[in-house]
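Raw contents of query.tsv, TSV, C-alpha atoms:
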```
chain	number	residue	atom	x	y	z
U	1	MET	CA	-4.69	-8.97	1.02
U	2	VAL	CA	-7.32	-11.24	2.49
U	3	LEU	CA	-11.05	-10.52	2.22
U	4	VAL	CA	-13.21	-12.12	4.88
U	5	ASN	CA	-16.92	-12.82	4.62
U	6	GLU	CA	-17.95	-12.54	8.25
U	7	GLU	CA	-21.23	-14.36	7.71
U	8	THR	CA	-19.78	-17.48	6.11
U	9	ASN	CA	-16.20	-17.16	7.41
U	10	GLU	CA	-14.98	-17.66	3.83
U	11	ARG	CA	-11.63	-16.04	3.00
U	12	TYR	CA	-10.53	-14.80	-0.41
U	13	LYS	CA	-7.42	-13.28	-1.91
U	14	GLY	CA	-8.14	-9.69	-2.90
U	15	LEU	CA	-6.80	-7.77	-5.85
U	16	ILE	CA	-6.86	-4.01	-6.52
U	17	GLU	CA	-6.52	-2.66	-10.05
U	18	LYS	CA	-6.63	0.78	-11.63
U	19	LEU	CA	-9.54	1.48	-13.95
U	20	SER	CA	-9.00	3.09	-17.33
U	21	GLU	CA	-11.02	6.19	-18.22
U	22	ALA	CA	-13.21	4.00	-20.45
U	23	GLU	CA	-13.86	1.60	-17.57
U	24	VAL	CA	-14.77	4.51	-15.29
U	25	GLU	CA	-17.24	5.72	-17.92
U	26	LYS	CA	-18.78	2.24	-18.06
U	27	LEU	CA	-19.68	2.51	-14.36
U	28	LYS	CA	-22.48	4.87	-15.35
U	29	GLY	CA	-25.76	3.53	-14.05
U	30	ASN	CA	-24.09	0.58	-12.27
U	31	SER	CA	-26.82	-0.45	-9.85
U	32	ASN	CA	-24.35	-2.15	-7.48
U	33	PHE	CA	-23.12	1.26	-6.34
U	34	THR	CA	-24.77	4.42	-5.01
U	35	PHE	CA	-22.30	7.10	-6.12
U	36	ALA	CA	-22.07	8.29	-9.72
U	37	TRP	CA	-18.62	6.77	-10.28
U	38	ASN	CA	-18.55	7.71	-13.94
U	39	GLU	CA	-18.25	11.35	-12.79
U	40	GLU	CA	-14.81	10.55	-11.34
U	41	GLN	CA	-13.16	10.91	-14.74
U	42	GLY	CA	-9.84	12.66	-14.22
U	43	ALA	CA	-9.28	11.10	-10.81
U	44	LEU	CA	-7.44	7.85	-10.18
U	45	VAL	CA	-10.12	5.18	-9.73
U	46	TYR	CA	-9.30	1.71	-8.40
U	47	LYS	CA	-11.47	-1.39	-8.05
U	48	LEU	CA	-11.24	-4.19	-5.51
U	49	MET	CA	-12.06	-7.72	-6.59
U	50	ILE	CA	-11.59	-11.29	-5.45
U	51	LYS	CA	-8.57	-12.62	-7.36
U	52	GLY	CA	-9.78	-14.49	-10.43
U	53	LYS	CA	-13.31	-13.03	-10.28
U	54	LYS	CA	-14.77	-10.13	-12.22
U	55	GLU	CA	-17.25	-8.75	-9.69
U	56	ILE	CA	-16.26	-5.33	-8.35
U	57	LEU	CA	-16.53	-5.36	-4.56
U	58	GLY	CA	-15.44	-1.80	-3.93
U	59	LEU	CA	-14.22	1.39	-5.56
U	60	VAL	CA	-12.05	4.29	-4.49
U	61	SER	CA	-11.35	7.58	-6.24
U	62	VAL	CA	-8.08	9.34	-5.46
U	63	ALA	CA	-6.53	12.70	-6.31
U	64	ASP	CA	-2.75	13.14	-6.26
U	65	ILE	CA	-1.96	16.51	-4.60
U	66	ARG	CA	1.73	16.49	-5.51
U	67	GLU	CA	2.61	19.95	-4.21
U	68	GLU	CA	1.47	18.91	-0.74
U	69	PHE	CA	2.87	15.37	-0.89
U	70	ARG	CA	-0.49	13.79	-0.18
U	71	LEU	CA	-3.17	11.62	-1.73
U	72	HIS	CA	-6.78	12.68	-1.22
U	73	ILE	CA	-9.66	10.21	-1.28
U	74	ASN	CA	-12.66	11.74	-3.05
U	75	LEU	CA	-15.01	8.79	-2.75
U	76	LEU	CA	-14.95	5.25	-1.46
U	77	GLU	CA	-17.68	2.65	-1.56
U	78	ALA	CA	-18.26	-1.04	-0.99
U	79	SER	CA	-20.85	-2.53	-3.32
U	80	LYS	CA	-24.42	-2.60	-1.99
U	81	LYS	CA	-24.22	-6.37	-1.58
U	82	HIS	CA	-21.57	-5.86	1.11
U	83	ARG	CA	-23.09	-2.88	2.89
U	84	GLY	CA	-23.50	-3.81	6.54
U	85	LYS	CA	-23.08	-7.50	5.71
U	86	GLY	CA	-20.94	-9.94	3.74
U	87	ILE	CA	-17.31	-8.94	3.25
U	88	LYS	CA	-16.78	-6.17	5.76
U	89	ASN	CA	-13.11	-5.22	5.26
U	90	ILE	CA	-13.56	-3.76	1.76
U	91	PRO	CA	-13.20	-0.07	2.81
U	92	GLY	CA	-10.24	-0.95	5.08
U	93	CYS	CA	-8.44	-2.67	2.20
U	94	LEU	CA	-9.08	0.29	-0.12
U	95	LEU	CA	-7.94	2.83	2.49
U	96	ALA	CA	-4.81	0.81	3.21
U	97	PHE	CA	-4.12	0.54	-0.51
U	98	VAL	CA	-4.14	4.35	-0.78
U	99	CYS	CA	-1.88	4.65	2.30
U	100	ARG	CA	0.55	2.20	0.67
U	101	ALA	CA	0.45	4.20	-2.58
U	102	SER	CA	1.26	7.32	-0.58
U	103	PHE	CA	4.33	5.67	0.96
U	104	ARG	CA	5.35	4.43	-2.49
U	105	LYS	CA	5.21	7.95	-3.85
U	106	GLY	CA	7.39	9.24	-1.01
U	107	TYR	CA	4.51	11.08	0.68
U	108	GLY	CA	5.11	9.41	4.04
U	109	GLY	CA	1.77	7.61	3.95
U	110	PHE	CA	-0.13	10.92	4.10
U	111	VAL	CA	-3.74	10.49	2.98
U	112	SER	CA	-6.60	12.92	3.47
U	113	LEU	CA	-10.37	12.77	3.10
U	114	LEU	CA	-13.36	14.94	3.85
U	115	PRO	CA	-16.19	12.83	5.27
U	116	LYS	CA	-19.57	13.92	6.49
U	117	THR	CA	-19.45	14.95	10.15
U	118	TYR	CA	-21.42	11.84	11.19
U	119	LEU	CA	-18.66	9.58	9.87
U	120	ILE	CA	-15.65	11.33	11.43
U	121	ASP	CA	-15.73	9.42	14.69
U	122	TYR	CA	-15.73	6.07	12.89
U	123	TYR	CA	-12.72	6.96	10.76
U	124	GLN	CA	-10.80	8.15	13.79
U	125	LYS	CA	-11.57	5.14	15.97
U	126	ASN	CA	-11.34	2.40	13.36
U	127	TYR	CA	-8.58	3.60	11.08
U	128	GLY	CA	-6.50	6.09	13.09
U	129	PHE	CA	-7.29	9.27	11.17
U	130	VAL	CA	-6.79	12.62	12.91
U	131	GLN	CA	-8.86	15.73	12.33
U	132	VAL	CA	-7.25	18.69	10.59
U	133	GLY	CA	-9.84	21.45	10.39
U	134	ARG	CA	-12.78	19.94	8.51
U	135	GLN	CA	-10.71	17.21	6.93
U	136	LEU	CA	-9.24	13.99	8.23
U	137	ALA	CA	-5.69	12.83	7.64
U	138	ILE	CA	-3.60	9.75	8.29
U	139	PHE	CA	0.17	9.52	8.01
U	140	GLY	CA	3.34	7.98	9.41
U	141	ASN	CA	2.94	5.06	11.77
U	142	ASN	CA	-0.88	5.08	11.72
U	143	SER	CA	-0.72	4.74	7.96
U	144	LYS	CA	1.81	1.90	8.25
U	145	VAL	CA	-0.44	0.12	10.77
U	146	LEU	CA	-3.35	0.31	8.33
U	147	VAL	CA	-1.21	-1.14	5.53
U	148	GLY	CA	-0.08	-3.99	7.78
U	149	LYS	CA	-3.56	-4.70	9.08
U	150	PHE	CA	-5.39	-4.85	5.76
U	151	LEU	CA	-2.81	-5.64	3.10
U	152	GLU	CA	-0.28	-7.95	4.62
U	153	ASP	CA	-0.18	-11.37	2.98
U	154	GLU	CA	-1.84	-14.16	4.84
U	155	GLU	CA	-2.68	-17.66	3.78
U	156	VAL	CA	-6.24	-17.90	2.51
K	157	MET	CA	-31.17	19.64	1.20
K	158	LYS	CA	-27.63	19.15	-0.05
K	159	LYS	CA	-26.72	16.19	-2.26
K	160	TYR	CA	-24.71	14.08	0.16
K	161	GLU	CA	-26.82	15.06	3.17
K	162	ARG	CA	-29.86	13.76	1.30
K	163	LEU	CA	-28.03	10.52	0.51
K	164	PHE	CA	-27.00	10.08	4.13
K	165	LYS	CA	-30.53	10.63	5.39
K	166	GLU	CA	-31.85	8.16	2.84
K	167	LEU	CA	-29.32	5.49	3.84
K	168	SER	CA	-29.98	6.18	7.54
K	169	LYS	CA	-33.49	4.79	7.13
K	170	GLN	CA	-32.01	1.38	6.36
K	171	TYR	CA	-28.55	1.33	7.97
K	172	SER	CA	-26.90	2.46	11.21
K	173	VAL	CA	-24.25	5.21	11.10
K	174	GLU	CA	-21.67	2.51	11.81
K	175	GLU	CA	-22.82	0.42	8.85
K	176	ILE	CA	-22.74	3.44	6.56
K	177	ALA	CA	-19.30	4.56	7.77
K	178	GLY	CA	-18.05	1.00	7.54
K	179	SER	CA	-18.98	0.66	3.91
K	180	MET	CA	-18.58	4.04	2.23
K	181	LEU	CA	-17.06	7.49	2.43
K	182	ILE	CA	-19.79	10.07	2.01
K	183	PRO	CA	-18.12	13.44	1.49
K	184	GLU	CA	-19.17	16.58	3.31
K	185	ASP	CA	-21.24	19.02	1.28
K	186	LEU	CA	-19.26	22.23	1.25
K	187	THR	CA	-19.67	25.49	-0.54
K	188	GLU	CA	-16.79	26.56	-2.76
K	189	ALA	CA	-15.60	28.99	-0.07
K	190	GLU	CA	-15.80	26.33	2.65
K	191	ARG	CA	-13.92	23.86	0.49
K	192	LYS	CA	-11.23	26.40	-0.21
K	193	GLU	CA	-10.84	27.11	3.49
K	194	ALA	CA	-10.73	23.40	4.36
K	195	ASN	CA	-8.05	22.81	1.73
K	196	GLU	CA	-6.05	25.78	2.96
K	197	GLN	CA	-6.14	24.49	6.55
K	198	LEU	CA	-4.90	21.09	5.48
K	199	LYS	CA	-2.24	22.61	3.25
K	200	MET	CA	-0.88	24.67	6.15
K	201	PHE	CA	-0.84	21.60	8.38
K	202	ARG	CA	0.94	19.52	5.73
K	203	LEU	CA	3.54	22.14	4.92
K	204	LYS	CA	4.27	22.72	8.62
K	205	MET	CA	4.62	18.98	9.10
K	206	MET	CA	7.10	18.76	6.22
K	207	GLN	CA	9.09	21.72	7.54
K	208	GLU	CA	9.30	20.18	10.99
K	209	GLN	CA	10.11	16.69	9.74
K	210	THR	CA	12.80	15.07	11.87
K	211	GLU	CA	15.57	12.86	10.55
K	212	THR	CA	13.77	9.87	12.10
K	213	ASP	CA	10.57	10.81	10.23
K	214	ARG	CA	12.53	11.03	6.97
K	215	ILE	CA	14.20	7.67	7.49
K	216	PHE	CA	10.87	6.04	8.39
K	217	SER	CA	9.21	7.42	5.28
K	218	ASP	CA	12.10	6.50	2.98
K	219	LEU	CA	12.41	2.98	4.43
K	220	MET	CA	8.68	2.39	4.01
K	221	ARG	CA	9.07	3.45	0.39
K	222	LEU	CA	12.02	1.10	-0.07
K	223	LYS	CA	10.08	-1.76	1.53
K	224	ILE	CA	7.10	-1.21	-0.78
K	225	LEU	CA	9.28	-0.92	-3.87
K	226	MET	CA	10.94	-4.20	-2.81
K	227	GLU	CA	7.56	-5.91	-2.40
K	228	ASP	CA	6.35	-4.69	-5.80
K	229	TYR	CA	9.59	-5.75	-7.49
K	230	ILE	CA	9.45	-9.21	-5.89
K	231	ARG	CA	5.79	-9.69	-6.84
K	232	ASP	CA	5.48	-8.03	-10.23
K	233	ALA	CA	8.81	-7.52	-12.00
K	234	PRO	CA	11.30	-9.82	-13.71
K	235	PHE	CA	14.73	-10.22	-12.10
K	236	SER	CA	17.05	-7.27	-12.64
K	237	GLU	CA	20.68	-6.87	-11.55
K	238	GLN	CA	19.80	-3.24	-10.84
K	239	LYS	CA	17.32	-4.40	-8.20
K	240	SER	CA	19.38	-7.13	-6.60
K	241	PHE	CA	19.86	-7.67	-2.87
K	242	GLY	CA	23.11	-5.72	-3.11
K	243	LYS	CA	21.49	-2.72	-4.80
K	244	HIS	CA	18.71	-2.63	-2.22
K	245	LEU	CA	21.29	-2.88	0.56
K	246	GLU	CA	23.18	0.02	-0.98
K	247	GLU	CA	19.96	2.06	-1.06
K	248	TYR	CA	19.29	1.09	2.56
K	249	ALA	CA	22.70	2.49	3.58
K	250	ARG	CA	22.06	5.65	1.54
K	251	ILE	CA	18.72	6.27	3.28
K	252	LEU	CA	20.36	5.84	6.68
K	253	LYS	CA	23.32	7.97	5.58
K	254	LEU	CA	25.67	5.22	6.72
K	255	THR	CA	29.04	4.47	5.15
K	256	LYS	CA	29.66	0.84	4.19
K	257	LYS	CA	32.19	0.65	7.00
K	258	ARG	CA	29.71	1.85	9.59
K	259	LEU	CA	26.93	-0.40	8.27
K	260	ALA	CA	29.31	-3.38	8.31
K	261	GLU	CA	30.11	-2.62	11.96
K	262	ASP	CA	26.41	-2.31	12.83
K	263	LEU	CA	25.66	-5.65	11.16
K	264	ALA	CA	28.74	-7.33	12.62
K	265	ILE	CA	30.07	-8.49	9.27
K	266	HIS	CA	33.43	-7.82	7.64
K	267	TYR	CA	33.58	-4.65	5.59
K	268	THR	CA	34.98	-6.52	2.58
K	269	ARG	CA	32.13	-9.03	2.67
K	270	LEU	CA	29.51	-6.26	2.85
K	271	SER	CA	31.19	-4.51	-0.05
K	272	ARG	CA	31.27	-7.72	-2.12
K	273	ILE	CA	27.56	-8.33	-1.40
K	274	ILE	CA	26.65	-4.77	-2.41
K	275	ASN	CA	28.62	-5.17	-5.65
K	276	GLY	CA	27.06	-8.56	-6.40
K	277	HIS	CA	30.32	-10.51	-6.05
K	278	GLU	CA	29.12	-12.53	-3.06
K	279	GLU	CA	25.74	-13.88	-2.01
K	280	PRO	CA	24.22	-12.93	1.35
K	281	ASN	CA	23.17	-15.60	3.85
K	282	ILE	CA	20.00	-15.89	5.91
K	283	GLU	CA	21.79	-14.61	9.00
K	284	LEU	CA	22.38	-11.28	7.27
K	285	ALA	CA	18.67	-11.04	6.43
K	286	TYR	CA	17.83	-11.49	10.12
K	287	ARG	CA	20.36	-8.82	11.08
K	288	LEU	CA	18.93	-6.38	8.55
K	289	GLU	CA	15.44	-6.97	9.92
K	290	LYS	CA	16.68	-6.09	13.39
K	291	HIS	CA	18.70	-3.13	12.10
K	292	SER	CA	15.65	-1.65	10.35
K	293	GLY	CA	13.63	-1.87	13.57
K	294	GLY	CA	11.54	-4.60	11.98
K	295	LEU	CA	10.36	-2.29	9.22
K	296	ILE	CA	11.82	-4.49	6.47
K	297	SER	CA	11.49	-8.13	7.44
K	298	ALA	CA	14.13	-10.83	6.98
K	299	LEU	CA	11.66	-12.56	4.65
K	300	GLU	CA	11.47	-9.52	2.38
K	301	TRP	CA	15.28	-9.30	2.20
K	302	TRP	CA	15.54	-13.04	1.59
K	303	ARG	CA	12.99	-12.97	-1.23
K	304	LEU	CA	15.44	-10.79	-3.17
K	305	VAL	CA	17.97	-13.62	-2.93
K	306	VAL	CA	15.40	-16.21	-3.97
K	307	LYS	CA	14.38	-14.07	-6.96
K	308	LYS	CA	17.95	-14.10	-8.22
K	309	GLN	CA	18.30	-17.82	-7.58
K	310	GLU	CA	15.12	-18.55	-9.52
K	311	TYR	CA	16.39	-16.46	-12.41
K	312	THR	CA	19.76	-18.21	-12.34
K	313	ILE	CA	18.15	-21.66	-12.40
K	314	LYS	CA	16.14	-20.65	-15.46
K	315	ILE	CA	19.06	-19.35	-17.52
K	316	ASP	CA	22.19	-21.17	-16.34
K	317	ASP	CA	22.30	-23.96	-18.92
K	318	GLU	CA	26.04	-24.49	-18.53
K	319	THR	CA	25.77	-25.43	-14.84
K	320	ARG	CA	22.69	-27.53	-15.58
K	321	VAL	CA	24.63	-29.55	-18.17
K	322	ASN	CA	27.76	-29.82	-15.99
K	323	GLU	CA	25.88	-30.91	-12.90
K	324	GLY	CA	23.66	-33.24	-14.91
K	325	ALA	CA	26.78	-34.99	-16.22
K	326	LYS	CA	27.68	-36.00	-12.66
K	327	VAL	CA	24.39	-37.83	-12.08
K	328	LYS	CA	24.26	-41.62	-12.34
K	329	ASN	CA	21.15	-43.64	-13.20
K	330	PRO	CA	18.84	-40.72	-14.02
K	331	MET	CA	15.22	-41.71	-14.46
K	332	SER	CA	13.67	-41.37	-17.87
K	333	PHE	CA	9.99	-41.07	-18.61
K	334	ALA	CA	10.19	-40.26	-22.31
K	335	GLY	CA	8.07	-42.55	-24.48
```
What is this file in structure tokens?
Amino acid sequence: MVLVNEETNERYKGLIEKLSEAEVEKLKGNSNFTFAWNEEQGALVYKLMIKGKKEILGLVSVADIREEFRLHINLLEASKKHRGKGIKNIPGCLLAFVCRASFRKGYGGFVSLLPKTYLIDYYQKNYGFVQVGRQLAIFGNNSKVLVGKFLEDEEV
Amino acid sequence: MKKYERLFKELSKQYSVEEIAGSMLIPEDLTEAERKEANEQLKMFRLKMMQEQTETDRIFSDLMRLKILMEDYIRDAPFSEQKSFGKHLEEYARILKLTKKRLAEDLAIHYTRLSRIINGHEEPNIELAYRLEKHSGGLISALEWWRLVVKKQEYTIKIDDETRVNEGAKVKNPMSFAG
């Protein structure tokens, strides 16, 4: 996974790791993020970092809906430092990571989320989600494309 | 105003919708009843999709899973005979519901050779990796197949002291840098 700073053209190897419950709790009051990530206890929370660095660039919270063979993204956020500037592919990498996890679980890459209406168009056009009622879903080949686009190994 | 609507409006003062969407997922504010209905709609869609899954869909999904398990094994796990090239090839045939004979025909290799590779009695060559890439419709690349071979070779080099000693004995004029 390669992270690209579009302002400086610098490229970094990215790394995604699961946070423990204690680490999720420690996110309380973290001024780099807008959402109250410490309230995501009970969900699967992952952080994106540059390999070898400690700074958290992005977070995603996921629920495993086993009976429906799908993963649901509750929240996703790039740190404020990279909002509208800096490394722009943080959400793409996190979304692709969840799609990959869905394939790994045998869910066929099925991932759902429930964004605000204003954001639906962006998720459809940029990531290949389709609308199912009020929710959005990605699966099958669109999910594979996302994995290939954001996670495939490239030389940094 | 609802929680996430308020947040969106606040962020909208500073960022465009595109910048917000491109950096975070702000969830929709729903009442409990609305959420229940939204979940029910998605559940119906998902269950219908699973019921109507074609054989091609199943193979695609299972091969993607195999590919990802291969990648994770290559990157994160120590070598295991249970995860060798042969074992992955056997799983590949199982997913496609192909007999060894039929798979050997598809790959244009002798049945006995395929069988020996699956059972770990013979090593695959690069040509077979290319053929498997083509056979899987490009889903699992030749490089991914070949990395399984390399993983075993690396393991063998680390533990095969007997061959190291035997081959070393054949070398004349070895350099020595010991003090």
Which neighbours of region 227-231 of chain K fall inside 9 Å, counting only C-alpha atoms, when residues of the same chain fewer than 4 positions from it are skipped, and could you give them as a ChimeraX atom specification?
/K:222-223,235,239,300,303-304,307
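Look at Leu27 (chain U): the protein and nucleic acid residues within 8 Å of it, using only C-alpha atoms and passing over chain neighbours fewer than 5 places away, are Ala36, Trp37 and Asn38 of chain U.
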Contacts from chain U to chain K, 7 Å maximum, only C-alpha atoms: show me the residue list as a tab-separated table (two decimals) with C-alpha atoms, in the frame of the given file.
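This went into out.tsv:
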```
chain	number	residue	atom	x	y	z
U	68	GLU	CA	1.47	18.91	-0.74
U	75	LEU	CA	-15.01	8.79	-2.75
U	76	LEU	CA	-14.95	5.25	-1.46
U	77	GLU	CA	-17.68	2.65	-1.56
U	78	ALA	CA	-18.26	-1.04	-0.99
U	83	ARG	CA	-23.09	-2.88	2.89
U	84	GLY	CA	-23.50	-3.81	6.54
U	91	PRO	CA	-13.20	-0.07	2.81
U	103	PHE	CA	4.33	5.67	0.96
U	104	ARG	CA	5.35	4.43	-2.49
U	106	GLY	CA	7.39	9.24	-1.01
U	108	GLY	CA	5.11	9.41	4.04
U	114	LEU	CA	-13.36	14.94	3.85
U	115	PRO	CA	-16.19	12.83	5.27
U	116	LYS	CA	-19.57	13.92	6.49
U	119	LEU	CA	-18.66	9.58	9.87
U	122	TYR	CA	-15.73	6.07	12.89
U	132	VAL	CA	-7.25	18.69	10.59
U	133	GLY	CA	-9.84	21.45	10.39
U	134	ARG	CA	-12.78	19.94	8.51
U	135	GLN	CA	-10.71	17.21	6.93
```
Contacts of Leu19 (chain U) at 6 Å (all atoms listed in the file; same-chain gap of 2+ positions) as a ChimeraX atom specification
/U:23,45-46
With 7 Å as the threshold, what does the neighbourhood of (-13.0, -7.4, 1.9) contain in terms of residues, counting all atoms listed in the file? Coordinates are those of the file; answer as a PyMOL selection string.
chain U and resi 2-4+87-90+93
When you look at Ser297 (chain K) with a cut-off of 8 Å (counting all atoms listed in the file), what residues show up, excluding the ones that are within fewer than 2 positions of it in the same chain? I need them as a PyMOL selection string.
chain K and resi 285-286+288-289+294-295+299-301
Report the centre and edge lengths, in Å to one decimal, of an axis-aligned box enclosing every atom of region 161-177 of chain K listed in the file, padded by 6 Å on each side, as JSON.
```
{"center_x": -26.4, "center_y": 7.7, "center_z": 6.2, "size_x": 26.2, "size_y": 26.6, "size_z": 23.3}
```
Applying 8 Å and all atoms listed in the file, which residues near Lys51 (chain U) remain after dropping the ones on its own chain fewer than 3 positions away? List them as a ChimeraX atom specification.
/U:12-15
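Proximity ranking of U:Cys99, U:Ala63, U:Leu151, U:Ile120 relative to Ile138 (chain U) places U:Cys99 first, based on all atoms listed in the file.
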